[in-house]
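Next comes structure39.csv, a file with CSV, C-alpha atoms and all ligand atoms.
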chain,number,residue,atom,x,y,z
A,1,MET,CA,75.3,103.9,140.3
A,2,ARG,CA,74.8,101.4,143.1
A,3,ARG,CA,74.8,102.5,146.7
A,4,SER,CA,78.1,100.7,147.5
A,5,GLU,CA,79.7,102.5,144.5
A,6,LYS,CA,78.6,105.8,145.9
A,7,VAL,CA,80.1,105.0,149.3
A,8,ILE,CA,83.4,104.1,147.7
A,9,LEU,CA,83.4,107.2,145.6
A,10,GLY,CA,82.6,109.2,148.7
A,11,ILE,CA,85.5,107.7,150.5
A,12,ILE,CA,87.9,108.4,147.7
A,13,ALA,CA,86.8,112.0,147.5
A,14,ALA,CA,87.2,112.4,151.2
A,15,VAL,CA,90.7,111.0,151.2
A,16,LEU,CA,91.7,113.3,148.3
A,17,VAL,CA,90.4,116.4,150.0
A,18,SER,CA,92.2,115.4,153.2
A,19,VAL,CA,95.5,114.9,151.4
A,20,PHE,CA,95.3,118.3,149.7
A,21,ALA,CA,94.3,120.0,153.0
A,22,ILE,CA,97.3,118.4,154.8
A,23,LYS,CA,99.6,119.4,152.0
A,24,ALA,CA,98.4,122.9,152.1
A,25,LEU,CA,98.8,123.1,155.8
A,26,LEU,CA,102.3,121.7,155.7
A,27,GLY,CA,103.3,124.0,152.9
A,28,GLN,CA,102.3,127.0,155.1
A,29,TYR,CA,104.9,126.0,157.8
A,30,SER,CA,107.8,124.6,155.8
A,31,GLN,CA,110.1,127.2,154.4
A,32,GLY,CA,112.7,125.1,152.7
A,33,PRO,CA,115.4,123.1,154.5
A,34,ASP,CA,116.2,123.9,158.1
A,35,PRO,CA,119.3,126.1,158.1
A,36,GLY,CA,120.4,124.7,161.4
A,37,VAL,CA,122.3,126.3,164.3
A,38,PRO,CA,124.2,129.4,163.1
A,39,PHE,CA,126.9,129.3,165.8
A,40,TYR,CA,130.1,127.3,165.6
A,41,SER,CA,133.7,127.4,166.9
A,42,ASP,CA,136.7,126.9,164.8
A,43,ALA,CA,138.9,126.2,167.8
A,44,SER,CA,141.1,123.1,167.8
A,45,GLU,CA,140.3,120.4,170.4
A,46,ASP,CA,143.2,121.5,172.5
A,47,LEU,CA,142.2,125.2,172.5
A,48,ASN,CA,138.7,124.3,173.2
A,49,ARG,CA,139.7,122.4,176.3
A,50,ARG,CA,142.0,125.0,177.6
A,51,GLY,CA,139.8,128.0,176.8
A,52,ASN,CA,136.7,126.3,178.3
A,53,ALA,CA,138.6,125.6,181.5
A,54,ILE,CA,139.6,129.3,182.0
A,55,TYR,CA,136.0,130.3,181.0
A,56,HIS,CA,134.7,128.2,183.8
A,57,GLU,CA,137.4,129.0,186.4
A,58,GLN,CA,136.7,132.7,185.9
A,59,ASN,CA,133.0,132.2,186.0
A,60,CYS,CA,132.3,134.1,182.8
A,61,LYS,CA,129.0,132.2,182.7
A,62,LYS,CA,127.8,134.2,185.7
A,63,CYS,CA,127.0,137.0,183.3
A,64,HIS,CA,127.4,135.6,179.7
A,65,VAL,CA,125.6,133.1,177.6
A,66,LEU,CA,127.7,130.6,175.7
A,67,ARG,CA,126.2,127.6,173.9
A,68,ALA,CA,123.0,128.3,175.7
A,69,THR,CA,124.6,127.9,179.1
A,70,ARG,CA,124.5,130.6,181.8
A,71,ASP,CA,123.9,131.0,185.5
A,72,MET,CA,120.2,131.2,186.0
A,73,THR,CA,120.5,133.1,189.3
A,74,LEU,CA,122.0,136.2,187.9
A,75,ALA,CA,120.3,138.2,185.2
A,76,VAL,CA,123.1,140.5,183.9
A,77,PRO,CA,122.3,141.7,180.5
A,78,ALA,CA,125.8,141.1,179.1
A,79,PRO,CA,126.2,140.4,175.4
A,80,ALA,CA,126.2,136.7,174.4
A,81,ILE,CA,129.5,135.1,173.6
A,82,ASP,CA,128.0,132.9,170.9
A,83,GLY,CA,129.0,134.5,167.6
A,84,ILE,CA,131.1,137.3,169.2
A,85,GLY,CA,134.2,136.1,167.4
A,86,SER,CA,132.6,137.4,164.1
A,87,LEU,CA,132.4,140.9,165.6
A,88,ARG,CA,135.7,141.1,167.6
A,89,ASP,CA,139.0,139.7,166.6
A,90,GLU,CA,141.6,138.0,168.8
A,91,THR,CA,143.8,141.2,169.2
A,92,TRP,CA,140.8,143.3,170.3
A,93,LEU,CA,139.8,140.6,172.8
A,94,PHE,CA,143.3,140.3,174.2
A,95,THR,CA,143.5,144.1,174.7
A,96,TYR,CA,140.0,144.1,176.3
A,97,PHE,CA,140.8,141.2,178.7
A,98,SER,CA,144.1,142.9,179.6
A,99,ALA,CA,142.6,146.3,180.3
A,100,GLU,CA,142.7,147.6,183.9
A,101,ASN,CA,139.5,149.3,183.0
A,102,PRO,CA,137.5,147.5,180.3
A,103,GLN,CA,134.9,150.3,180.3
A,104,SER,CA,137.5,152.6,178.8
A,105,ILE,CA,137.3,150.4,175.7
A,106,LEU,CA,133.7,149.5,175.8
A,107,PRO,CA,131.5,151.8,177.9
A,108,SER,CA,129.0,150.3,180.2
A,109,ARG,CA,125.4,151.3,180.9
A,110,LEU,CA,125.2,149.0,183.9
A,111,LYS,CA,125.7,149.3,187.7
A,112,PRO,CA,129.4,148.7,188.6
A,113,GLU,CA,128.8,145.2,190.0
A,114,TYR,CA,127.3,144.0,186.7
A,115,ARG,CA,130.0,145.4,184.4
A,116,MET,CA,132.7,143.5,182.7
A,117,PRO,CA,135.4,142.9,185.2
A,118,SER,CA,139.1,143.4,184.5
A,119,PHE,CA,141.1,140.2,183.9
A,120,ALA,CA,144.4,142.1,183.7
A,121,SER,CA,145.7,140.1,186.7
A,122,LEU,CA,145.3,136.7,184.9
A,123,PRO,CA,148.7,135.4,183.6
A,124,GLU,CA,149.4,136.6,180.0
A,125,ASP,CA,149.2,133.1,178.5
A,126,GLU,CA,145.7,132.6,180.0
A,127,ARG,CA,144.6,135.9,178.6
A,128,ARG,CA,146.0,134.9,175.2
A,129,THR,CA,144.3,131.5,175.3
A,130,LEU,CA,141.0,133.1,176.4
A,131,ALA,CA,141.2,135.7,173.6
A,132,LYS,CA,141.9,133.0,171.0
A,133,TYR,CA,139.1,130.8,172.4
A,134,ILE,CA,136.5,133.6,172.5
A,135,ALA,CA,137.6,134.7,168.9
A,136,SER,CA,136.8,131.2,167.7
A,137,MET,CA,133.1,131.7,168.6
A,138,LYS,CA,131.7,132.5,165.2
A,139,VAL,CA,128.4,132.9,163.6
A,140,LYS,CA,127.4,132.0,160.0
A,141,ASP,CA,126.8,135.0,157.7
A,142,TRP,CA,123.0,134.5,157.5
A,143,TYR,CA,122.7,135.1,161.2
A,144,LEU,CA,125.4,137.8,161.6
A,145,GLU,CA,122.9,140.7,161.5
A,146,GLU,CA,120.9,139.1,164.4
A,147,VAL,CA,124.1,138.9,166.5
A,148,LYS,CA,125.0,142.5,165.8
A,149,LYS,CA,121.4,143.5,166.8
A,150,ALA,CA,121.5,141.6,170.0
A,151,GLU,CA,124.9,142.9,171.0
A,152,TYR,CA,123.9,146.5,170.2
A,153,GLU,CA,120.8,146.2,172.3
A,154,LYS,CA,122.6,144.6,175.2
A,155,LEU,CA,125.3,147.2,175.2
A,156,THR,CA,123.1,150.3,174.7
A,157,GLY,CA,119.7,149.2,176.0
A,158,LYS,CA,118.3,150.8,172.8
A,159,THR,CA,116.5,149.4,169.8
A,160,TYR,CA,118.8,148.5,166.9
A,161,THR,CA,118.3,150.0,163.5
A,162,ALA,CA,120.1,148.6,160.5
A,163,GLY,CA,123.7,149.8,160.2
A,164,ALA,CA,123.9,151.0,163.8
A,165,ALA,CA,126.5,148.4,164.7
A,166,LEU,CA,128.7,149.3,167.6
A,167,THR,CA,131.8,147.2,166.7
A,168,GLN,CA,134.8,149.4,167.0
B,1,LIG,C1,130.0,140.5,186.4
B,1,LIG,C2,129.6,140.1,185.1
B,1,LIG,C3,130.6,139.6,184.0
B,1,LIG,C4,131.5,138.7,184.1
B,1,LIG,C5,131.9,137.8,185.3
B,1,LIG,C6,132.2,138.6,182.8
B,1,LIG,N1,131.7,139.6,182.0
B,1,LIG,FE1,132.2,139.9,180.1
B,1,LIG,N2,130.9,141.5,180.0
B,1,LIG,C7,130.0,141.8,181.0
B,1,LIG,C8,129.3,143.0,180.6
B,1,LIG,C9,128.1,143.6,181.3
B,1,LIG,C10,129.8,143.4,179.3
B,1,LIG,C11,129.3,144.6,178.4
B,1,LIG,C12,130.2,145.8,178.7
B,1,LIG,C13,130.0,146.3,180.1
B,1,LIG,O1,128.8,146.6,180.4
B,1,LIG,O2,130.9,146.4,180.9
B,1,LIG,C14,130.8,142.4,179.0
B,1,LIG,C15,131.5,142.4,177.8
B,1,LIG,C16,132.3,141.3,177.4
B,1,LIG,C17,132.8,141.2,176.0
B,1,LIG,C18,132.7,142.2,174.9
B,1,LIG,C19,131.3,141.9,174.2
B,1,LIG,C20,131.1,142.8,173.0
B,1,LIG,O3,130.0,143.2,172.8
B,1,LIG,O4,132.1,143.0,172.3
B,1,LIG,C21,133.5,140.0,176.0
B,1,LIG,C22,134.1,139.3,174.8
B,1,LIG,C23,133.4,139.4,177.3
B,1,LIG,N3,132.6,140.3,178.1
B,1,LIG,C24,133.9,138.2,177.7
B,1,LIG,C25,134.0,137.7,179.0
B,1,LIG,C26,134.8,136.6,179.5
B,1,LIG,C27,135.6,135.7,178.6
B,1,LIG,C28,134.6,136.5,180.8
B,1,LIG,C29,135.3,135.6,181.8
B,1,LIG,C30,136.8,135.6,181.7
B,1,LIG,C31,133.7,137.6,181.2
B,1,LIG,N4,133.3,138.3,180.1
B,1,LIG,C32,133.2,137.8,182.5
B,1,LIG,C33,129.8,141.2,182.2
B,1,LIG,C34,130.7,140.2,182.7
Take the structure from the file and write it as structure tokens.
Amino acid sequence: MRRSEKVILGIIAAVLVSVFAIKALLGQYSQGPDPGVPFYSDASEDLNRRGNAIYHEQNCKKCHVLRATRDMTLAVPAPAIDGIGSLRDETWLFTYFSAENPQSILPSRLKPEYRMPSFASLPEDERRTLAKYIASMKVKDWYLEEVKKAEYEKLTGKTYTAGAALTQ
């Protein structure tokens, strides 16, 4: 074999080794197709607009995370709203928002100023819209257990063990 042939063979071998090495590396990180964002809302455009307006007027984002948005200045460990509509239905939410004392429905472990406030004084149609809007915040099944876990840990401050869901 001539020297130039050896060089070419050497290059081909190096390229092959690199290709296999890169493939092996990529294989380590890719776990099938990306399942995407698990949260979605099935609200109509109109409900979304009206619900979102009340959510902002009432400053729910002072304590809650929704669509990754929250007030960065307050660190209240309130459950996330994303996916909560898969744990609570519209009727439950309406009753909760209408309660003079929400902690009689869902006990709090927090200082009074951080607890879920009563929205009983909001007009009934706004409470209904809000309940419908929050109930529309769903999570896909493959992420449901994560939402239950996060909610449980926020509400109790304890570590979640499978099956310990709080939803009443
Ligand atoms: C002062 C902070 C604060 C504000 C403002 C607030 N919340 Fe809450 N919310 C909480 C806390 C904390 C909890 C958990 C229960 C508790 O500790 O009272 C909670 C619980 C909830 C729950 C029940 C979550 C679950 O696990 O089932 C929903 C739904 C909810 N809030 C929606 C809202 C909406 C909608 C608004 C605005 C209209 C709002 N909250 C405003 C602090 C707040």
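Of the residues listed (A:Pro38, A:Gly83, A:Pro33, A:Pro107), A:Pro107 shows the shortest atom-to-atom separation from ligand LIG 1 (chain B); distances use all atoms listed in the file.
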Using all atoms listed in the file, which residues of chain A come within 6 Å of ligand LIG 1 (chain B), and what is the closest atom pair for each, with the distance in Å to one decimal? Give it as a Markdown table, sorted by chain and residue number.
| residue | atom | partner | partner_atom | distance |
| --- | --- | --- | --- | --- |
| A:Tyr55 | CA | B:LIG1 | C30 | 5.4 |
| A:Gln58 | CA | B:LIG1 | C30 | 5.1 |
| A:Asn59 | CA | B:LIG1 | C5 | 5.7 |
| A:Cys60 | CA | B:LIG1 | C29 | 3.5 |
| A:Lys62 | CA | B:LIG1 | C5 | 5.5 |
| A:Cys63 | CA | B:LIG1 | C2 | 4.4 |
| A:Ala78 | CA | B:LIG1 | C9 | 4.0 |
| A:Pro79 | CA | B:LIG1 | O3 | 5.4 |
| A:Gln103 | CA | B:LIG1 | O2 | 5.6 |
| A:Leu106 | CA | B:LIG1 | C12 | 5.9 |
| A:Ser108 | CA | B:LIG1 | O1 | 3.7 |
| A:Arg109 | CA | B:LIG1 | O1 | 5.8 |
| A:Leu110 | CA | B:LIG1 | O1 | 5.6 |
| A:Tyr114 | CA | B:LIG1 | C1 | 4.4 |
| A:Arg115 | CA | B:LIG1 | O2 | 3.7 |
| A:Met116 | CA | B:LIG1 | C7 | 3.6 |
| A:Pro117 | CA | B:LIG1 | C4 | 5.8 |
| A:Glu151 | CA | B:LIG1 | O3 | 5.4 |
| A:Leu155 | CA | B:LIG1 | C11 | 5.7 |
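From atom CA of A:Ser86 back to atom CA of A:Val37, the distance works out to 15.1 Å.
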Between atom CA of A:Ala80 and atom CA of A:His64 - distance in Å to one decimal | 5.5 Å
Once you count all atoms listed in the file, which residues end up no further than 12 Å from (145.1, 140.4, 182.8) in the file's frame, shown as a list of chain:residue names?
-> A:Gln58, A:Leu93, A:Phe94, A:Thr95, A:Tyr96, A:Phe97, A:Ser98, A:Ala99, A:Glu100, A:Asn101, A:Pro102, A:Pro117, A:Ser118, A:Phe119, A:Ala120, A:Ser121, A:Leu122, A:Pro123, A:Glu124, A:Asp125, A:Glu126, A:Arg127, A:Arg128, A:Thr129, A:Leu130, A:Ala131
